[in-house]
$ cat final-v4.txt   # compact mmCIF, C-alpha atoms
# COMPACT_ATOMS: atom_id res chain seq x y z
CA MET U 1339 -35.93 69.47 -97.85
CA ARG U 1340 -39.46 68.39 -98.59
CA ASN U 1341 -38.45 64.77 -98.23
CA LEU U 1342 -36.81 65.54 -94.92
CA LEU U 1343 -39.98 67.21 -93.63
CA ARG U 1344 -42.04 64.28 -94.81
CA PHE U 1345 -39.66 61.88 -93.09
CA ILE U 1346 -39.93 63.83 -89.84
CA ALA U 1347 -43.72 63.95 -90.09
CA GLN U 1348 -43.88 60.23 -90.74
CA HIS U 1349 -41.59 59.24 -87.92
CA HIS U 1350 -42.32 62.02 -85.46
CA PHE U 1351 -43.37 59.55 -82.74
CA LEU U 1352 -40.05 57.74 -82.92
CA ILE U 1353 -38.08 60.98 -83.14
CA LEU U 1354 -39.88 62.50 -80.16
CA PHE U 1355 -39.30 59.32 -78.21
CA LEU U 1356 -35.61 59.26 -79.06
CA ILE U 1357 -35.17 62.89 -78.01
CA ILE U 1358 -36.86 62.53 -74.63
CA GLU U 1359 -35.34 59.11 -73.96
CA SER U 1360 -31.84 60.34 -74.68
CA PHE U 1361 -32.37 63.21 -72.27
CA SER U 1362 -33.54 60.74 -69.67
CA LEU U 1363 -30.60 58.41 -70.26
CA PHE U 1364 -28.29 61.40 -70.12
CA LEU U 1365 -29.59 62.04 -66.59
CA PHE U 1366 -28.82 58.43 -65.74
CA PHE U 1367 -25.34 58.18 -67.20
CA SER U 1368 -24.08 61.59 -66.17
CA ALA U 1369 -24.73 60.87 -62.52
CA ASN U 1370 -21.48 60.19 -60.68
CA PRO U 1371 -21.39 59.31 -56.96
CA TYR U 1372 -21.18 62.97 -55.95
CA GLN U 1373 -24.15 63.99 -58.08
CA ARG U 1374 -26.13 60.99 -56.89
CA VAL U 1375 -25.78 62.16 -53.32
CA HIS U 1376 -27.01 65.59 -54.32
CA PHE U 1377 -29.90 64.19 -56.29
CA TYR U 1378 -30.73 62.15 -53.23
CA ILE U 1379 -30.63 65.25 -51.02
CA ALA U 1380 -32.79 67.21 -53.46
CA SER U 1381 -35.28 64.39 -53.54
CA HIS U 1382 -35.16 64.22 -49.77
CA LYS U 1383 -36.17 67.86 -49.51
CA ILE U 1384 -39.36 66.94 -51.31
CA SER U 1385 -40.13 63.70 -49.57
CA GLY U 1386 -38.39 64.41 -46.26
CA ARG U 1387 -41.43 65.58 -44.36
CA ILE U 1388 -43.52 62.65 -45.46
CA SER U 1389 -40.86 60.11 -44.62
CA THR U 1390 -40.32 61.67 -41.19
CA ARG U 1391 -43.99 61.10 -40.46
CA ILE U 1392 -43.93 57.52 -41.69
CA GLU U 1393 -40.78 56.86 -39.71
CA ASN U 1394 -42.46 58.20 -36.56
CA ILE U 1395 -45.21 55.65 -36.96
CA LYS U 1396 -42.78 52.84 -37.73
CA ASP U 1397 -40.70 53.82 -34.68
CA TYR U 1398 -43.69 53.55 -32.47
CA LEU U 1399 -44.51 50.11 -33.76
CA SER U 1400 -41.01 48.78 -33.20
CA LEU U 1401 -40.54 50.46 -29.82
CA TYR U 1402 -40.37 47.26 -27.83
CA LYS U 1403 -37.71 45.59 -29.99
CA GLU U 1404 -35.72 48.76 -30.20
CA ASN U 1405 -35.71 49.13 -26.41
CA GLN U 1406 -34.49 45.63 -26.01
CA LYS U 1407 -31.72 46.19 -28.52
CA LEU U 1408 -30.65 49.41 -26.83
CA SER U 1409 -30.45 47.83 -23.40
CA GLU U 1410 -28.41 44.97 -24.81
CA GLU U 1411 -26.11 47.46 -26.44
CA ASN U 1412 -25.87 49.40 -23.19
CA SER U 1413 -24.75 46.41 -21.21
CA ARG U 1414 -22.20 45.54 -23.84
CA LEU U 1415 -20.84 49.06 -23.73
CA TYR U 1416 -20.56 48.98 -19.95
CA ASN U 1417 -18.38 45.95 -20.32
CA GLN U 1418 -15.99 47.61 -22.67
CA ALA U 1419 -16.01 51.17 -21.38
CA GLY U 1420 -12.74 52.80 -22.11
CA SER U 1421 -12.34 51.46 -25.59
CA ALA U 1422 -13.36 54.82 -27.00
CA LEU U 1423 -10.36 56.41 -25.43
CA SER U 1424 -7.14 56.60 -27.31
CA VAL U 1425 -4.05 54.88 -26.20
CA MET U 1426 -1.22 57.36 -26.07
CA ALA U 1427 2.36 56.50 -26.48
CA SER U 1428 4.39 57.83 -23.59
CA ASP U 1429 8.04 57.32 -22.83
CA THR U 1430 7.49 54.21 -20.83
CA GLY U 1431 4.51 52.57 -22.51
CA TYR U 1432 0.94 53.14 -23.53
CA ILE U 1433 -1.61 54.82 -21.31
CA GLN U 1434 -5.33 55.33 -21.79
CA ASP U 1435 -6.14 59.01 -21.54
CA SER U 1436 -9.73 59.96 -20.79
CA LEU U 1437 -9.24 63.68 -20.24
CA THR U 1438 -7.12 65.40 -22.82
CA HIS U 1439 -7.09 63.15 -25.79
CA MET U 1440 -10.48 61.68 -26.69
CA LYS U 1441 -9.99 60.01 -30.02
CA PHE U 1442 -13.57 59.31 -31.02
CA ARG U 1443 -16.85 60.90 -30.18
CA PHE U 1444 -20.12 59.00 -30.56
CA LEU U 1445 -23.24 60.88 -31.56
CA THR U 1446 -26.64 59.23 -31.63
CA ALA U 1447 -29.02 59.76 -34.51
CA ARG U 1448 -32.15 58.22 -35.86
CA VAL U 1449 -32.66 56.87 -39.37
CA ILE U 1450 -35.61 58.61 -40.98
CA ASN U 1451 -35.25 57.30 -44.50
CA ASN U 1452 -33.57 54.15 -45.71
CA THR U 1453 -33.62 52.08 -48.87
CA VAL U 1454 -32.25 48.60 -49.42
CA ASN U 1455 -33.67 47.62 -52.78
CA LYS U 1456 -31.62 49.78 -55.13
CA GLN U 1457 -28.07 49.56 -56.39
CA PHE U 1458 -27.12 52.86 -54.81
CA ASN U 1459 -28.77 52.94 -51.40
CA TYR U 1460 -28.61 55.86 -49.03
CA LEU U 1461 -29.93 56.61 -45.55
CA THR U 1462 -31.04 59.88 -44.06
CA LEU U 1463 -30.40 60.72 -40.42
CA ASP U 1464 -32.44 63.19 -38.39
CA ARG U 1465 -29.32 65.02 -37.15
CA GLY U 1466 -26.95 67.11 -39.19
CA GLY U 1467 -24.30 69.79 -39.03
CA ASN U 1468 -25.95 71.51 -36.05
CA THR U 1469 -25.14 68.58 -33.78
CA GLY U 1470 -21.62 68.15 -35.06
CA ILE U 1471 -22.12 65.55 -37.74
CA GLY U 1472 -19.94 66.09 -40.78
CA PRO U 1473 -18.95 64.34 -44.00
CA GLU U 1474 -16.67 61.28 -43.86
CA MET U 1475 -17.85 60.17 -40.44
CA ALA U 1476 -18.61 56.52 -39.77
CA VAL U 1477 -22.11 55.32 -38.97
CA ILE U 1478 -22.69 52.14 -36.96
CA SER U 1479 -25.62 50.45 -35.31
CA GLY U 1480 -25.63 48.12 -32.35
CA ASP U 1481 -25.22 45.16 -34.69
CA GLY U 1482 -22.49 46.35 -37.01
CA ILE U 1483 -21.42 48.97 -39.52
CA VAL U 1484 -24.02 50.97 -41.46
CA GLY U 1485 -22.26 53.43 -43.74
CA ILE U 1486 -20.37 56.67 -44.15
CA VAL U 1487 -21.83 60.17 -43.93
CA LYS U 1488 -21.49 61.80 -47.34
CA SER U 1489 -23.17 65.14 -46.99
CA VAL U 1490 -24.89 67.15 -44.27
CA SER U 1491 -27.38 69.96 -44.04
CA PRO U 1492 -28.01 71.77 -40.72
CA ASN U 1493 -30.61 69.24 -39.61
CA TYR U 1494 -30.12 66.16 -41.77
CA ALA U 1495 -27.31 63.94 -42.92
CA ALA U 1496 -27.14 61.75 -46.04
CA VAL U 1497 -25.33 58.49 -45.44
CA LEU U 1498 -23.81 56.23 -48.09
CA SER U 1499 -25.06 52.82 -47.01
CA VAL U 1500 -22.89 49.71 -47.05
CA LEU U 1501 -25.49 48.55 -49.56
CA ASN U 1502 -24.24 51.01 -52.17
CA ARG U 1503 -22.01 50.09 -55.11
CA ASP U 1504 -19.89 53.17 -54.34
CA PHE U 1505 -19.16 51.97 -50.81
CA MET U 1506 -15.75 50.56 -49.92
CA ILE U 1507 -13.83 50.21 -46.66
CA SER U 1508 -10.83 48.34 -45.41
CA ALA U 1509 -11.72 45.22 -43.42
CA LYS U 1510 -9.69 42.50 -41.77
CA ILE U 1511 -10.09 38.98 -40.49
CA LYS U 1512 -10.19 39.20 -36.72
CA LYS U 1513 -8.18 36.11 -35.90
CA ASN U 1514 -5.13 36.78 -38.05
CA GLY U 1515 -5.29 40.43 -39.04
CA TYR U 1516 -5.07 40.04 -42.83
CA PHE U 1517 -6.91 42.92 -44.47
CA GLY U 1518 -8.44 43.85 -47.80
CA PRO U 1519 -11.09 46.07 -49.35
CA LEU U 1520 -14.72 45.22 -48.60
CA SER U 1521 -17.50 46.32 -50.91
CA TRP U 1522 -21.06 45.43 -51.86
CA ASN U 1523 -21.76 43.58 -55.06
CA GLY U 1524 -25.31 44.85 -55.44
CA ASN U 1525 -26.78 41.41 -55.13
CA SER U 1526 -28.07 40.60 -51.67
CA THR U 1527 -28.91 42.91 -48.78
CA GLU U 1528 -27.22 40.49 -46.42
CA ARG U 1529 -23.85 39.97 -48.04
CA ALA U 1530 -20.73 41.90 -49.00
CA THR U 1531 -17.49 40.85 -50.64
CA LEU U 1532 -13.97 40.98 -49.20
CA VAL U 1533 -11.13 40.53 -51.68
CA ASP U 1534 -7.31 40.58 -51.80
CA ILE U 1535 -6.75 38.07 -48.98
CA PRO U 1536 -3.68 36.02 -50.04
CA HIS U 1537 -4.21 32.31 -50.61
CA HIS U 1538 -1.89 31.11 -47.86
CA VAL U 1539 -4.05 32.69 -45.15
CA GLN U 1540 -6.14 30.27 -43.12
CA VAL U 1541 -9.78 31.20 -43.55
CA SER U 1542 -12.86 29.26 -42.56
CA THR U 1543 -16.57 29.94 -42.61
CA GLY U 1544 -17.83 31.67 -39.52
CA ASP U 1545 -14.67 33.73 -38.98
CA THR U 1546 -15.39 37.25 -37.80
CA ILE U 1547 -14.63 40.20 -40.09
CA ILE U 1548 -13.98 43.55 -38.42
CA THR U 1549 -13.04 47.05 -39.52
CA SER U 1550 -9.32 47.52 -39.87
CA GLY U 1551 -9.28 51.17 -38.93
CA TYR U 1552 -7.26 52.11 -42.01
CA GLY U 1553 -8.51 55.20 -43.78
CA GLY U 1554 -9.45 56.82 -40.50
CA VAL U 1555 -13.21 56.75 -41.01
CA PHE U 1556 -14.12 53.66 -39.01
CA PRO U 1557 -12.31 52.98 -35.76
CA GLU U 1558 -10.60 49.61 -35.59
CA GLY U 1559 -12.44 46.57 -34.36
CA PHE U 1560 -16.07 47.16 -35.20
CA ILE U 1561 -17.83 44.06 -36.35
CA ILE U 1562 -18.83 43.84 -40.02
CA GLY U 1563 -20.00 40.24 -40.19
CA THR U 1564 -18.89 36.65 -40.52
CA ILE U 1565 -17.46 34.65 -43.41
CA ASP U 1566 -20.21 32.94 -45.32
CA ARG U 1567 -18.32 31.44 -48.29
CA PHE U 1568 -14.90 31.84 -49.80
CA ARG U 1569 -13.19 30.77 -52.98
CA LEU U 1570 -9.89 31.31 -54.68
CA LYS U 1571 -10.05 33.81 -57.46
CA GLY U 1572 -7.35 33.60 -60.09
CA GLY U 1573 -5.35 31.25 -57.85
CA ASN U 1574 -3.68 33.80 -55.61
CA TYR U 1575 -6.33 35.65 -53.73
CA TYR U 1576 -9.48 34.70 -51.89
CA GLU U 1577 -12.81 36.25 -52.73
CA ILE U 1578 -14.70 36.06 -49.45
CA THR U 1579 -18.44 36.50 -49.14
CA VAL U 1580 -19.23 38.13 -45.81
CA LYS U 1581 -22.60 37.81 -44.14
CA LEU U 1582 -23.28 41.29 -42.78
CA SER U 1583 -24.23 41.43 -39.12
CA THR U 1584 -26.34 44.55 -39.59
CA ASP U 1585 -29.92 44.00 -40.67
CA PHE U 1586 -30.42 46.96 -42.98
CA ARG U 1587 -34.14 46.47 -43.05
CA LYS U 1588 -34.49 47.14 -39.35
CA LEU U 1589 -32.23 50.13 -38.85
CA ASN U 1590 -33.49 52.69 -36.41
CA ASN U 1591 -31.05 54.12 -33.88
CA VAL U 1592 -27.49 54.55 -35.08
CA GLN U 1593 -24.25 56.04 -33.81
CA VAL U 1594 -22.19 58.50 -35.80
CA ILE U 1595 -18.50 58.37 -34.99
CA HIS U 1596 -16.40 61.47 -35.17
CA ASN U 1597 -12.71 60.65 -35.39
CA TYR U 1598 -10.81 63.61 -34.01
CA ALA U 1599 -7.58 62.38 -35.52
CA LYS U 1600 -8.93 62.05 -39.09
CA THR U 1601 -7.76 65.46 -40.34
CA GLU U 1602 -4.33 64.89 -38.88
CA ILE U 1603 -4.09 61.42 -40.41
CA ASP U 1604 -5.29 62.72 -43.77
CA SER U 1605 -2.84 65.59 -43.84
CA ILE U 1606 0.13 63.40 -42.99
CA GLU U 1607 -0.91 60.84 -45.60
CA ASN U 1608 -1.42 63.51 -48.25
CA SER U 1609 1.99 64.97 -47.55
CA VAL U 1610 3.50 61.62 -48.44
CA ASN U 1611 1.43 61.25 -51.59
CA GLN U 1612 2.38 64.64 -52.99
CA MET L 1261 -62.34 67.70 -71.71
CA ILE L 1262 -61.33 69.54 -68.54
CA ARG L 1263 -63.11 66.96 -66.40
CA GLU L 1264 -61.23 64.26 -68.27
CA THR L 1265 -57.88 65.97 -67.69
CA ALA L 1266 -58.70 66.48 -64.01
CA LYS L 1267 -59.54 62.80 -63.69
CA TYR L 1268 -56.16 61.74 -65.08
CA LEU L 1269 -54.35 64.31 -62.96
CA PHE L 1270 -56.07 62.86 -59.91
CA GLN L 1271 -55.03 59.33 -60.96
CA PHE L 1272 -51.48 60.57 -61.47
CA ILE L 1273 -51.24 61.99 -57.96
CA LEU L 1274 -53.02 59.03 -56.38
CA LEU L 1275 -50.74 56.48 -58.03
CA ILE L 1276 -47.57 58.38 -57.13
CA LEU L 1277 -48.68 58.67 -53.52
CA ALA L 1278 -49.60 54.99 -53.41
CA GLN L 1279 -46.22 54.07 -54.90
CA VAL L 1280 -44.15 56.29 -52.61
CA LEU L 1281 -46.08 55.85 -49.39
CA ILE L 1282 -47.13 52.22 -49.58
CA PHE L 1283 -45.45 50.14 -52.26
CA ASN L 1284 -41.92 51.51 -51.82
CA ASN L 1285 -42.13 50.41 -48.20
CA ILE L 1286 -43.15 46.88 -49.08
CA ASP L 1287 -40.24 44.70 -49.95
CA PHE L 1288 -39.80 41.00 -49.79
CA SER L 1289 -36.17 40.56 -48.73
CA GLY L 1290 -35.13 43.49 -50.92
CA PHE L 1291 -35.85 41.33 -53.90
CA ILE L 1292 -39.35 42.07 -55.16
CA ASN L 1293 -40.43 45.65 -55.65
CA PRO L 1294 -43.81 46.27 -57.23
CA TYR L 1295 -44.07 49.43 -59.33
CA ILE L 1296 -47.79 49.98 -59.62
CA TYR L 1297 -47.46 53.57 -60.85
CA THR L 1298 -47.17 52.07 -64.36
CA LEU L 1299 -50.96 51.64 -64.20
CA PHE L 1300 -51.21 55.32 -65.14
CA ILE L 1301 -49.70 54.65 -68.58
CA LEU L 1302 -51.97 51.63 -69.06
CA LEU L 1303 -55.12 53.62 -68.32
CA LEU L 1304 -54.46 56.63 -70.58
CA PRO L 1305 -57.08 57.04 -73.34
CA PHE L 1306 -56.55 55.33 -76.72
CA TYR L 1307 -56.19 58.28 -79.04
CA LEU L 1308 -53.76 60.61 -77.34
CA PRO L 1309 -51.39 63.03 -79.10
CA ASN L 1310 -47.93 61.43 -79.14
CA LEU L 1311 -46.30 64.38 -77.44
CA VAL L 1312 -48.83 64.23 -74.58
CA LEU L 1313 -48.30 60.49 -74.17
CA LEU L 1314 -44.50 60.73 -74.06
CA MET L 1315 -44.39 63.84 -71.91
CA SER L 1316 -46.79 62.43 -69.34
CA ALA L 1317 -44.71 59.23 -69.19
CA PHE L 1318 -41.55 61.27 -68.74
CA THR L 1319 -43.13 63.43 -66.02
CA LEU L 1320 -44.41 60.33 -64.23
CA GLY L 1321 -41.03 58.62 -64.34
CA LEU L 1322 -39.14 61.72 -63.28
CA THR L 1323 -41.48 62.30 -60.33
CA ILE L 1324 -40.89 58.75 -59.14
CA ASP L 1325 -37.15 59.25 -59.71
CA LEU L 1326 -37.25 62.36 -57.57
CA PHE L 1327 -38.94 60.53 -54.75
CA MET L 1328 -36.61 57.57 -54.94
CA GLY L 1329 -33.42 59.46 -55.65
CA THR L 1330 -32.55 57.51 -58.81
CA PRO L 1331 -31.82 59.98 -61.62
CA GLY L 1332 -33.13 58.85 -65.00
CA VAL L 1333 -33.86 55.20 -64.21
CA HIS L 1334 -37.63 55.28 -63.85
CA SER L 1335 -38.12 57.99 -66.46
CA SER L 1336 -36.23 55.96 -69.10
CA ALA L 1337 -38.17 52.78 -68.39
CA THR L 1338 -41.54 54.53 -68.28
CA LEU L 1339 -40.81 56.35 -71.54
CA LEU L 1340 -39.99 53.12 -73.30
CA MET L 1341 -43.19 51.62 -71.99
CA ALA L 1342 -45.24 54.57 -73.29
CA PHE L 1343 -43.47 54.35 -76.65
CA ALA L 1344 -44.31 50.67 -76.94
CA ARG L 1345 -47.94 51.14 -75.91
CA PRO L 1346 -49.43 51.90 -79.35
CA PHE L 1347 -47.62 48.89 -80.85
CA VAL L 1348 -48.79 46.55 -78.10
CA MET L 1349 -52.30 47.88 -78.56
CA SER L 1350 -52.34 47.19 -82.27
CA LEU L 1351 -50.83 43.76 -81.60
CA TYR L 1352 -53.77 42.77 -79.41
CA SER L 1353 -56.34 44.82 -81.30
CA PRO L 1354 -59.83 43.28 -81.45
CA ARG L 1355 -61.22 42.58 -84.96
CA GLU L 1356 -63.24 45.76 -85.17
CA GLY L 1357 -60.43 47.93 -83.74
CA TYR L 1358 -60.73 50.34 -80.86
CA GLN L 1359 -63.88 52.48 -81.14
CA THR L 1360 -63.78 56.11 -80.13
CA GLY L 1361 -65.39 56.59 -76.76
CA THR L 1362 -63.93 53.38 -75.37
CA TYR L 1363 -61.14 53.22 -72.84
CA PRO L 1364 -58.45 50.61 -72.19
CA ARG L 1365 -60.26 49.03 -69.26
CA MET L 1366 -60.91 45.46 -68.27
CA ALA L 1367 -64.62 46.18 -68.03
CA GLN L 1368 -64.73 47.17 -71.71
CA PHE L 1369 -62.38 44.76 -73.44
CA GLY L 1370 -62.50 41.73 -71.20
CA THR L 1371 -60.10 40.14 -68.78
CA GLU L 1372 -58.02 38.30 -71.38
CA TRP L 1373 -57.33 41.42 -73.43
CA PHE L 1374 -56.42 43.49 -70.38
CA VAL L 1375 -54.13 40.85 -68.89
CA LYS L 1376 -52.23 40.44 -72.18
CA TYR L 1377 -51.97 44.20 -72.68
CA ALA L 1378 -50.93 44.95 -69.08
CA VAL L 1379 -48.49 42.07 -68.64
CA THR L 1380 -46.63 42.78 -71.90
CA LEU L 1381 -46.07 46.42 -71.01
CA ILE L 1382 -45.25 45.72 -67.35
CA LEU L 1383 -42.65 43.11 -68.35
CA LEU L 1384 -41.06 45.58 -70.75
CA HIS L 1385 -41.00 48.31 -68.11
CA HIS L 1386 -39.64 46.15 -65.31
CA PHE L 1387 -36.93 44.45 -67.34
CA THR L 1388 -35.72 47.82 -68.66
CA LEU L 1389 -35.83 49.25 -65.17
CA PHE L 1390 -33.98 46.47 -63.36
CA TYR L 1391 -31.26 46.02 -65.96
CA LEU L 1392 -30.74 49.75 -66.30
CA GLU L 1393 -30.47 50.13 -62.55
CA VAL L 1394 -27.93 47.34 -62.17
CA PHE L 1395 -26.28 48.25 -65.49
CA THR L 1396 -24.30 45.04 -65.74
CA PHE L 1397 -25.00 41.54 -66.92
CA HIS L 1398 -22.76 40.27 -64.16
CA HIS L 1399 -25.58 38.94 -62.00
CA PHE L 1400 -27.76 38.24 -65.00
CA PHE L 1401 -29.97 35.56 -63.48
CA SER L 1402 -30.57 37.16 -60.12
CA THR L 1403 -31.58 40.38 -61.88
CA PHE L 1404 -33.73 38.36 -64.26
CA LEU L 1405 -35.49 36.70 -61.35
CA ARG L 1406 -35.98 40.00 -59.54
CA ALA L 1407 -37.48 41.60 -62.64
CA LEU L 1408 -39.70 38.61 -63.34
CA LEU L 1409 -41.06 38.25 -59.81
CA SER L 1410 -41.56 41.99 -59.45
CA SER L 1411 -43.44 42.09 -62.79
CA LEU L 1412 -45.61 39.26 -61.56
CA LEU L 1413 -46.50 41.08 -58.35
CA THR L 1414 -47.11 44.38 -60.16
CA SER L 1415 -49.34 42.61 -62.70
CA VAL L 1416 -51.39 40.92 -59.98
CA LEU L 1417 -51.82 44.19 -58.11
CA ILE L 1418 -52.79 46.07 -61.26
CA ILE L 1419 -55.25 43.42 -62.42
CA PHE L 1420 -56.84 43.33 -58.97
CA SER L 1421 -57.06 47.11 -58.96
CA GLN L 1422 -59.28 46.82 -62.03
CA PHE L 1423 -61.90 45.02 -60.00
CA PHE L 1424 -62.03 47.57 -57.21
CA ILE L 1425 -60.88 50.98 -58.40
CA PHE L 1426 -60.23 52.59 -61.81
CA ARG L 1427 -63.05 50.55 -63.26
CA ARG L 1428 -64.30 53.17 -65.65
$ encode --input "final-v4.txt" --output "structure tokens"
Amino acid sequence: MRNLLRFIAQHHFLILFLIIESFSLFLFFSANPYQRVHFYIASHKISGRISTRIENIKDYLSLYKENQKLSEENSRLYNQAGSALSVMASDTGYIQDSLTHMKFRFLTARVINNTVNKQFNYLTLDRGGNTGIGPEMAVISGDGIVGIVKSVSPNYAAVLSVLNRDFMISAKIKKNGYFGPLSWNGNSTERATLVDIPHHVQVSTGDTIITSGYGGVFPEGFIIGTIDRFRLKGGNYYEITVKLSTDFRKLNNVQVIHNYAKTEIDSIENSVNQ
Amino acid sequence: MIRETAKYLFQFILLILAQVLIFNNIDFSGFINPYIYTLFILLLPFYLPNLVLLMSAFTLGLTIDLFMGTPGVHSSATLLMAFARPFVMSLYSPREGYQTGTYPRMAQFGTEWFVKYAVTLILLHHFTLFYLEVFTFHHFFSTFLRALLSSLLTSVLIIFSQFFIFRR
């Protein structure tokens, strides 16, 4: 007993360190994606007000560029008006219905907090549940996809950025329709990885990668980026490095997409799985 | 004693604000992130009760974690840095040791001593931080480069800070 006490007294610095460090590492390792979002929200409550202020200043500074981007986006949208409407199957063919069956609704929001330099990056939007934003909605910007809403409070929404190691969506090559999961490898803020494309598919650098629409979060056909490099992995499948079209360092105005059909799609898919 | 504590509390708040408001917003292509809040650990007085040293490091790291939304990453790295501090100090100890009434400042122990002391601890902190955050050796060299360049920037900022503020 006396020896034990002497040992503790002699090494109390090390022992103290080990105790506090293991608590700290416990915090790190016990965090799963769900808890990370909540930790992020808790931390946002503290820093939210400050970051809103900073963002206001930043917004003002980038007003000119942002205006230009918005007007470009506007003109593009004019050109493709109608694509937000669903195509309904009728007896004789497909019709576009603008009155009774809107498939997607677009909500605008502003990014008030955004990180790109971590392994698990999140964004905060200045709109939340009060304006109809809910979990599992897609977030896009004028340039490309941004992320998926993970959690909302009445006035704010936490978005899982594409630049997050927990992020994954289904993407396809525009020209031939082959699809696979797309995720971020944590390495560069400009690139993501698309895998599971069979080796017989013709791919070349510069090909456009778009959302496949599977999973019901992102509508089909939104641009993700272009093929930067590709190589065969294990002989059968391509591992494709995609250059993201969104510049995550300049995000400001984004669109949140509410898919009205998501619950229906989910319930029918779950009924098969059970 | 109370004045002393108030001084360090003020430094604590100042460094956290500087980190969160300024340095977290600076990033060079998402690659280099300076973490100047580590200066707080470097500036703490020589003879500090171990519990105080470790607890203040933990509090510092956890506060940064809270602001950045990264549970446990900064607190673990900062704790390790605080734990290593006495050993690094004795490693670079001048011949006559550290007198009571002196502080770990560039003005008191010279540029060479401070640079060695600061850079060693900053490297330790940054490498722990970056590898813990990535938690894989998959992109070993890119992480290595990120940690190294970030340490370099942090060191430069901290050494420059010694000329302008925190001189005494």
$ closest_atom_pairs --input "final-v4.txt" --of "segment 1477-1543 of chain U" --to "segment 1377-1398 of chain L" --cutoff "10 Å" --atoms "all atoms listed in the file" --output "tab-separated table"
residue	atom	partner	partner_atom	distance
U:Arg1503	CA	L:Val1394	CA	9.6
U:Asn1523	CA	L:His1398	CA	9.7
U:Gly1524	CA	L:Val1394	CA	7.6
U:Asn1525	CA	L:Val1394	CA	9.3
$ closest_atom_pairs --input "final-v4.txt" --of "chain L" --to "chain U" --cutoff "7 Å" --atoms "all atoms listed in the file" --output "JSON lines"
{"residue": "L:Gly1290", "atom": "CA", "partner": "U:Asn1455", "partner_atom": "CA", "distance": 4.8}
{"residue": "L:Phe1291", "atom": "CA", "partner": "U:Asn1455", "partner_atom": "CA", "distance": 6.8}
{"residue": "L:Asn1310", "atom": "CA", "partner": "U:Phe1351", "partner_atom": "CA", "distance": 6.1}
{"residue": "L:Leu1314", "atom": "CA", "partner": "U:Phe1355", "partner_atom": "CA", "distance": 6.8}
{"residue": "L:Leu1326", "atom": "CA", "partner": "U:Ser1381", "partner_atom": "CA", "distance": 4.9}
{"residue": "L:Phe1327", "atom": "CA", "partner": "U:Ser1381", "partner_atom": "CA", "distance": 5.5}
{"residue": "L:Gly1329", "atom": "CA", "partner": "U:Tyr1378", "partner_atom": "CA", "distance": 4.5}
{"residue": "L:Pro1331", "atom": "CA", "partner": "U:Phe1366", "partner_atom": "CA", "distance": 5.3}
{"residue": "L:Gly1332", "atom": "CA", "partner": "U:Phe1366", "partner_atom": "CA", "distance": 4.4}
{"residue": "L:Val1333", "atom": "CA", "partner": "U:Phe1366", "partner_atom": "CA", "distance": 6.2}
{"residue": "L:Ser1335", "atom": "CA", "partner": "U:Ser1362", "partner_atom": "CA", "distance": 6.2}
{"residue": "L:Ser1336", "atom": "CA", "partner": "U:Ser1362", "partner_atom": "CA", "distance": 5.5}
{"residue": "L:Leu1339", "atom": "CA", "partner": "U:Glu1359", "partner_atom": "CA", "distance": 6.6}
{"residue": "L:Phe1343", "atom": "CA", "partner": "U:Phe1355", "partner_atom": "CA", "distance": 6.7}
{"residue": "L:Glu1393", "atom": "CA", "partner": "U:Gln1457", "partner_atom": "CA", "distance": 6.6}
{"residue": "L:Val1394", "atom": "CA", "partner": "U:Gln1457", "partner_atom": "CA", "distance": 6.2}
$ residues_around --input "final-v4.txt" --residues "Lys1512 of chain U" --least-positions-apart "2" --cutoff "9 Å" --atoms "all atoms listed in the file" --output "number ranges by chain"
U: 1510, 1514-1516, 1545-1550, 1559
$ atom_distance --input "final-v4.txt" --atom1 "atom CA of His1399 of chain L" --atom2 "atom CA of Leu1413 of chain L"
21.3 Å
$ atom_distance --input "final-v4.txt" --atom1 "atom CA of Tyr1598 of chain U" --atom2 "atom CA of Val1449 of chain U"
23.5 Å
$ residues_near_point --input "final-v4.txt" --point "(-32.7, 70.9, -37.9)" --cutoff "9 Å" --atoms "all atoms listed in the file" --output "list in words"
Asp1464, Arg1465, Gly1466, Gly1467, Asn1468, Thr1469, Ser1491, Pro1492, Asn1493 and Tyr1494 of chain U
$ write_last_selection --input "final-v4.txt" --atoms "C-alpha atoms" --output "PDB file, in the frame of the given file"
ATOM      1  CA  ASP U1464     -32.440  63.190 -38.390  1.00  0.00           C
ATOM      2  CA  ARG U1465     -29.320  65.020 -37.150  1.00  0.00           C
ATOM      3  CA  GLY U1466     -26.950  67.110 -39.190  1.00  0.00           C
ATOM      4  CA  GLY U1467     -24.300  69.790 -39.030  1.00  0.00           C
ATOM      5  CA  ASN U1468     -25.950  71.510 -36.050  1.00  0.00           C
ATOM      6  CA  THR U1469     -25.140  68.580 -33.780  1.00  0.00           C
ATOM      7  CA  SER U1491     -27.380  69.960 -44.040  1.00  0.00           C
ATOM      8  CA  PRO U1492     -28.010  71.770 -40.720  1.00  0.00           C
ATOM      9  CA  ASN U1493     -30.610  69.240 -39.610  1.00  0.00           C
ATOM     10  CA  TYR U1494     -30.120  66.160 -41.770  1.00  0.00           C
TER      11      TYR U1494
END
$ residues_around --input "final-v4.txt" --residues "Tyr1552 of chain U" --least-positions-apart "6" --cutoff "9 Å" --atoms "all atoms listed in the file" --output "number ranges by chain"
U: 1507-1509, 1558
$ residues_around --input "final-v4.txt" --residues "segment 1300-1308 of chain L" --least-positions-apart "6" --cutoff "7 Å" --atoms "only C-alpha atoms" --output "list in words"
Gln1271, Phe1272, Ala1317, Ala1342, Tyr1363, Pro1364, Arg1365 and Ala1378 of chain L
$ atom_distance --input "final-v4.txt" --atom1 "atom CA of Arg1263 of chain L" --atom2 "atom CA of Phe1347 of chain L"
27.8 Å
